[in-house]
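Shown next: input21.cif, containing mmCIF, C-alpha atoms.
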```
data_data
loop_
_atom_site.group_PDB
_atom_site.id
_atom_site.type_symbol
_atom_site.label_atom_id
_atom_site.label_comp_id
_atom_site.auth_asym_id
_atom_site.auth_seq_id
_atom_site.Cartn_x
_atom_site.Cartn_y
_atom_site.Cartn_z
ATOM 1 C CA GLY A 15 5.235 -2.165 -12.349
ATOM 2 C CA SER A 16 5.851 -1.311 -16.020
ATOM 3 C CA HIS A 17 4.049 -0.652 -19.271
ATOM 4 C CA LEU A 18 4.688 -0.287 -22.980
ATOM 5 C CA TRP A 19 5.473 3.393 -23.600
ATOM 6 C CA TRP A 20 5.520 4.875 -27.123
ATOM 7 C CA THR A 21 7.130 8.290 -27.529
ATOM 8 C CA GLY A 22 8.167 10.444 -30.479
ATOM 9 C CA ALA A 23 5.127 9.652 -32.630
ATOM 10 C CA LYS A 24 3.317 12.056 -34.947
ATOM 11 C CA PRO A 25 -0.290 11.937 -36.218
ATOM 12 C CA GLY A 26 -0.638 9.087 -38.699
ATOM 13 C CA ALA A 27 2.106 6.998 -37.036
ATOM 14 C CA LYS A 28 1.253 3.353 -36.316
ATOM 15 C CA LEU A 29 2.525 0.973 -33.657
ATOM 16 C CA THR A 30 1.937 -2.784 -34.014
ATOM 17 C CA ILE A 31 1.853 -4.767 -30.771
ATOM 18 C CA ALA A 32 2.183 -8.530 -31.177
ATOM 19 C CA PHE A 33 0.448 -10.852 -28.711
ATOM 20 C CA LYS A 34 -0.519 -14.521 -28.460
ATOM 21 C CA ALA A 35 -3.919 -16.017 -27.711
ATOM 22 C CA THR A 36 -3.567 -19.241 -25.732
ATOM 23 C CA LYS A 37 -6.828 -20.725 -27.038
ATOM 24 C CA SER A 38 -9.201 -20.447 -29.987
ATOM 25 C CA GLY A 39 -12.743 -19.112 -29.811
ATOM 26 C CA LYS A 40 -14.729 -15.988 -29.002
ATOM 27 C CA GLN A 41 -12.868 -13.849 -26.509
ATOM 28 C CA LYS A 42 -13.504 -10.504 -24.882
ATOM 29 C CA VAL A 43 -10.452 -8.308 -25.387
ATOM 30 C CA SER A 44 -9.827 -5.433 -22.977
ATOM 31 C CA ALA A 45 -6.902 -3.190 -22.130
ATOM 32 C CA VAL A 46 -5.695 -0.679 -19.565
ATOM 33 C CA PHE A 47 -3.999 2.415 -20.986
ATOM 34 C CA THR A 48 -2.398 5.489 -19.431
ATOM 35 C CA LYS A 49 -3.729 9.037 -19.665
ATOM 36 C CA ALA A 50 -1.424 12.043 -19.235
ATOM 37 C CA PRO A 51 -1.014 15.739 -20.172
ATOM 38 C CA ASP A 52 1.089 14.923 -23.259
ATOM 39 C CA TYR A 53 -0.662 11.805 -24.575
ATOM 40 C CA GLY A 54 -2.459 11.659 -27.919
ATOM 41 C CA ILE A 55 -5.737 10.571 -29.425
ATOM 42 C CA VAL A 56 -5.578 7.036 -30.861
ATOM 43 C CA SER A 57 -7.565 4.527 -32.859
ATOM 44 C CA ILE A 58 -7.033 0.796 -32.360
ATOM 45 C CA THR A 59 -7.545 -2.230 -34.604
ATOM 46 C CA LEU A 60 -7.066 -5.922 -33.843
ATOM 47 C CA ASP A 61 -5.764 -8.089 -36.693
ATOM 48 C CA GLY A 62 -6.776 -5.284 -39.066
ATOM 49 C CA LYS A 63 -10.392 -5.231 -37.826
ATOM 50 C CA PRO A 64 -12.009 -2.262 -36.069
ATOM 51 C CA THR A 65 -12.341 -2.376 -32.284
ATOM 52 C CA ALA A 66 -14.728 -0.563 -29.954
ATOM 53 C CA ILE A 67 -12.024 2.099 -29.697
ATOM 54 C CA ALA A 68 -12.494 3.937 -32.977
ATOM 55 C CA GLU A 69 -11.003 7.051 -31.370
ATOM 56 C CA TYR A 70 -9.804 7.440 -27.791
ATOM 57 C CA ASP A 71 -8.471 10.639 -26.220
ATOM 58 C CA LEU A 72 -5.697 9.798 -23.753
ATOM 59 C CA TYR A 73 -5.337 13.366 -22.449
ATOM 60 C CA ASP A 74 -5.673 14.015 -18.719
ATOM 61 C CA PRO A 75 -4.055 16.780 -16.631
ATOM 62 C CA GLN A 76 -2.681 14.021 -14.335
ATOM 63 C CA VAL A 77 -0.899 10.750 -15.146
ATOM 64 C CA ILE A 78 -3.556 8.103 -14.442
ATOM 65 C CA PRO A 79 -4.544 4.600 -15.604
ATOM 66 C CA THR A 80 -7.746 4.390 -17.645
ATOM 67 C CA GLY A 81 -9.296 1.397 -15.973
ATOM 68 C CA LEU A 82 -10.228 -1.649 -18.033
ATOM 69 C CA GLU A 83 -11.476 -0.550 -21.493
ATOM 70 C CA SER A 84 -13.312 -2.998 -23.770
ATOM 71 C CA LEU A 85 -11.982 -3.439 -27.304
ATOM 72 C CA GLY A 86 -14.834 -5.821 -28.109
ATOM 73 C CA GLU A 87 -15.383 -9.522 -28.632
ATOM 74 C CA PHE A 88 -13.353 -11.323 -31.293
ATOM 75 C CA ASP A 89 -13.193 -14.852 -32.696
ATOM 76 C CA LEU A 90 -9.488 -15.545 -32.180
ATOM 77 C CA THR A 91 -7.405 -18.543 -33.140
ATOM 78 C CA ALA A 92 -4.734 -19.813 -30.780
ATOM 79 C CA GLY A 93 -1.446 -18.165 -31.700
ATOM 80 C CA ASP A 94 -0.165 -14.844 -32.976
ATOM 81 C CA HIS A 95 -2.275 -11.694 -33.286
ATOM 82 C CA SER A 96 -1.628 -7.959 -33.528
ATOM 83 C CA LEU A 97 -3.036 -4.812 -32.041
ATOM 84 C CA GLU A 98 -2.381 -1.728 -34.166
ATOM 85 C CA VAL A 99 -2.447 1.709 -32.536
ATOM 86 C CA THR A 100 -2.665 4.785 -34.786
ATOM 87 C CA ILE A 101 -2.036 8.308 -33.480
ATOM 88 C CA THR A 102 -4.871 10.446 -34.872
ATOM 89 C CA GLY A 103 -4.133 13.749 -33.138
ATOM 90 C CA SER A 104 -4.138 15.404 -29.730
ATOM 91 C CA ASN A 105 -6.571 17.114 -27.397
ATOM 92 C CA ALA A 106 -6.540 20.942 -27.619
ATOM 93 C CA ASN A 107 -5.523 21.061 -23.920
ATOM 94 C CA ALA A 108 -2.650 18.583 -24.306
ATOM 95 C CA ARG A 109 1.028 19.286 -24.714
ATOM 96 C CA PRO A 110 1.080 17.694 -28.182
ATOM 97 C CA SER A 111 3.714 14.985 -27.740
ATOM 98 C CA HIS A 112 1.320 12.280 -29.025
ATOM 99 C CA MET A 113 2.494 9.669 -26.511
ATOM 100 C CA PHE A 114 0.758 6.339 -25.850
ATOM 101 C CA ALA A 115 1.096 3.702 -23.133
ATOM 102 C CA LEU A 116 -0.426 0.239 -22.730
ATOM 103 C CA ASP A 117 -0.434 -1.146 -19.190
ATOM 104 C CA TYR A 118 -1.841 -4.549 -20.135
ATOM 105 C CA LEU A 119 -4.044 -6.465 -22.562
ATOM 106 C CA LYS A 120 -6.629 -8.940 -21.203
ATOM 107 C CA LEU A 121 -8.263 -11.816 -23.108
ATOM 108 C CA GLU A 122 -11.150 -13.717 -21.512
#
```
Rendering of file as structure tokens:
Amino acid sequence: GSHLWWTGAKPGAKLTIAFKATKSGKQKVSAVFTKAPDYGIVSITLDGKPTAIAEYDLYDPQVIPTGLESLGEFDLTAGDHSLEVTITGSNANARPSHMFALDYLKLE
């Protein structure tokens, strides 16, 4: 019933989201984001490494969830990790507020 919501960002701003992996080994990492009329375009790294989301436009005329989006497969150790979201701009149709929301992160 809730999500992480980042507001007030500008292009070039970065948000680091800390998370824990419960086990070591290769894991598929996926996430569900929110799209909306005032959301930005983002790039995402995991522990400083590129993910499958080199650039993702979160603009939509309606507020909707994205569905499960793959970030890729990573060799993770059990313990602390970080997802870094960078605002890279906004869609020409968006109200440029550069917002971002993460519904959840999934490791499998």
I'd like to see the residues matched by the PyMOL selection byres ((chain A and resi 68) around 9) on this file, and ideally I'd get them as a list in words.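 Applying the expression gives Val56, Ser57, Ile58, Thr59, Pro64, Thr65, Ala66, Ile67, Glu69 and Tyr70 of chain A.
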From A:Phe47, A:Asp71, A:Ile101, A:Met113, residue lying nearest Glu83 in chain A [all atoms listed in the file]: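 Closest candidate: A:Phe47.
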Considering all atoms listed in the file, can you say which of A:Ile55, A:Ala115, A:Ala32, A:Leu60 comes closest to Gly93 in chain A?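 The answer is A:Ala32, which sits nearest to Gly93 in chain A.
By all atoms listed in the file, and with residues fewer than 5 positions from Gly81 in chain A along its chain excluded, the set lying at most 9 Å from it is Ala45, Val46, Phe47 and Thr48 of chain A.
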Prev. selection, C-alpha atoms, output as a CSV table (one decimal), in the coordinates of the input:
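Everything below was put into again36.csv:
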```csv
chain,number,residue,atom,x,y,z
A,45,ALA,CA,-6.9,-3.2,-22.1
A,46,VAL,CA,-5.7,-0.7,-19.6
A,47,PHE,CA,-4.0,2.4,-21.0
A,48,THR,CA,-2.4,5.5,-19.4
```
Convert the output of the PyMOL selection byres ((chain A and resi 112) around 8) on the shown file into explicit residues, formatted as number ranges by chain. A: 21-25, 52-55, 101, 103-104, 110-111, 113-114
Between A:Glu122, A:Thr91, A:Leu116, A:Val99, which residue has the minimum interatomic distance to Gly26 in chain A, considering all atoms listed in the file? A:Val99
CA of Ala106 in chain A and CA of Trp19 in chain A, how far apart in Å? 21.6 Å
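If you look at CA of Lys28 in chain A and CA of Val43 in chain A, they are 19.8 Å away from each other.
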Determine, counting all atoms listed in the file, every residue of protein, DNA or RNA that lies within 7 Å of (-5.0, -7.8, -38.1) in the file coordinates, then give the result as number ranges by chain. A: 60-63, 95-96
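In this structure, CA of Asp94 in chain A sits 21.3 Å away from CA of Trp20 in chain A.
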Would you mind telling me which residue in A:Ala108, A:Val77, A:Leu82, A:Leu18 lies nearest to Ile31 in chain A when using only C-alpha atoms?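 Among the listed residues, the smallest separation from Ile31 in chain A belongs to A:Leu18.
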Take range 58-69 of chain A, model N, CA and C atoms, and hand the result over as a PDB file, in the coordinates of the input.
```pdb
ATOM      1  N   ILE A  58      -7.634   2.116 -32.570  1.00  0.00           N
ATOM      2  CA  ILE A  58      -7.033   0.796 -32.360  1.00  0.00           C
ATOM      3  C   ILE A  58      -7.763  -0.249 -33.190  1.00  0.00           C
ATOM      4  N   THR A  59      -6.991  -1.079 -33.893  1.00  0.00           N
ATOM      5  CA  THR A  59      -7.545  -2.230 -34.604  1.00  0.00           C
ATOM      6  C   THR A  59      -6.906  -3.500 -34.061  1.00  0.00           C
ATOM      7  N   LEU A  60      -7.590  -4.624 -34.253  1.00  0.00           N
ATOM      8  CA  LEU A  60      -7.066  -5.922 -33.843  1.00  0.00           C
ATOM      9  C   LEU A  60      -7.068  -6.808 -35.079  1.00  0.00           C
ATOM     10  N   ASP A  61      -5.915  -7.284 -35.476  1.00  0.00           N
ATOM     11  CA  ASP A  61      -5.764  -8.089 -36.693  1.00  0.00           C
ATOM     12  C   ASP A  61      -6.389  -7.392 -37.902  1.00  0.00           C
ATOM     13  N   GLY A  62      -6.267  -6.067 -37.950  1.00  0.00           N
ATOM     14  CA  GLY A  62      -6.776  -5.284 -39.066  1.00  0.00           C
ATOM     15  C   GLY A  62      -8.267  -4.983 -39.006  1.00  0.00           C
ATOM     16  N   LYS A  63      -8.950  -5.457 -37.966  1.00  0.00           N
ATOM     17  CA  LYS A  63     -10.392  -5.231 -37.826  1.00  0.00           C
ATOM     18  C   LYS A  63     -10.648  -4.119 -36.806  1.00  0.00           C
ATOM     19  N   PRO A  64     -11.690  -3.328 -37.020  1.00  0.00           N
ATOM     20  CA  PRO A  64     -12.009  -2.262 -36.069  1.00  0.00           C
ATOM     21  C   PRO A  64     -12.305  -2.818 -34.674  1.00  0.00           C
ATOM     22  N   THR A  65     -11.984  -2.037 -33.661  1.00  0.00           N
ATOM     23  CA  THR A  65     -12.341  -2.376 -32.284  1.00  0.00           C
ATOM     24  C   THR A  65     -13.360  -1.353 -31.794  1.00  0.00           C
ATOM     25  N   ALA A  66     -13.798  -1.514 -30.565  1.00  0.00           N
ATOM     26  CA  ALA A  66     -14.728  -0.563 -29.954  1.00  0.00           C
ATOM     27  C   ALA A  66     -14.060   0.793 -29.724  1.00  0.00           C
ATOM     28  N   ILE A  67     -12.751   0.843 -29.870  1.00  0.00           N
ATOM     29  CA  ILE A  67     -12.024   2.099 -29.697  1.00  0.00           C
ATOM     30  C   ILE A  67     -11.687   2.668 -31.069  1.00  0.00           C
ATOM     31  N   ALA A  68     -12.690   3.301 -31.672  1.00  0.00           N
ATOM     32  CA  ALA A  68     -12.494   3.937 -32.977  1.00  0.00           C
ATOM     33  C   ALA A  68     -11.648   5.202 -32.819  1.00  0.00           C
ATOM     34  N   GLU A  69     -11.823   5.881 -31.690  1.00  0.00           N
ATOM     35  CA  GLU A  69     -11.003   7.051 -31.370  1.00  0.00           C
ATOM     36  C   GLU A  69     -11.053   7.233 -29.860  1.00  0.00           C
TER      37      GLU A  69
END
```
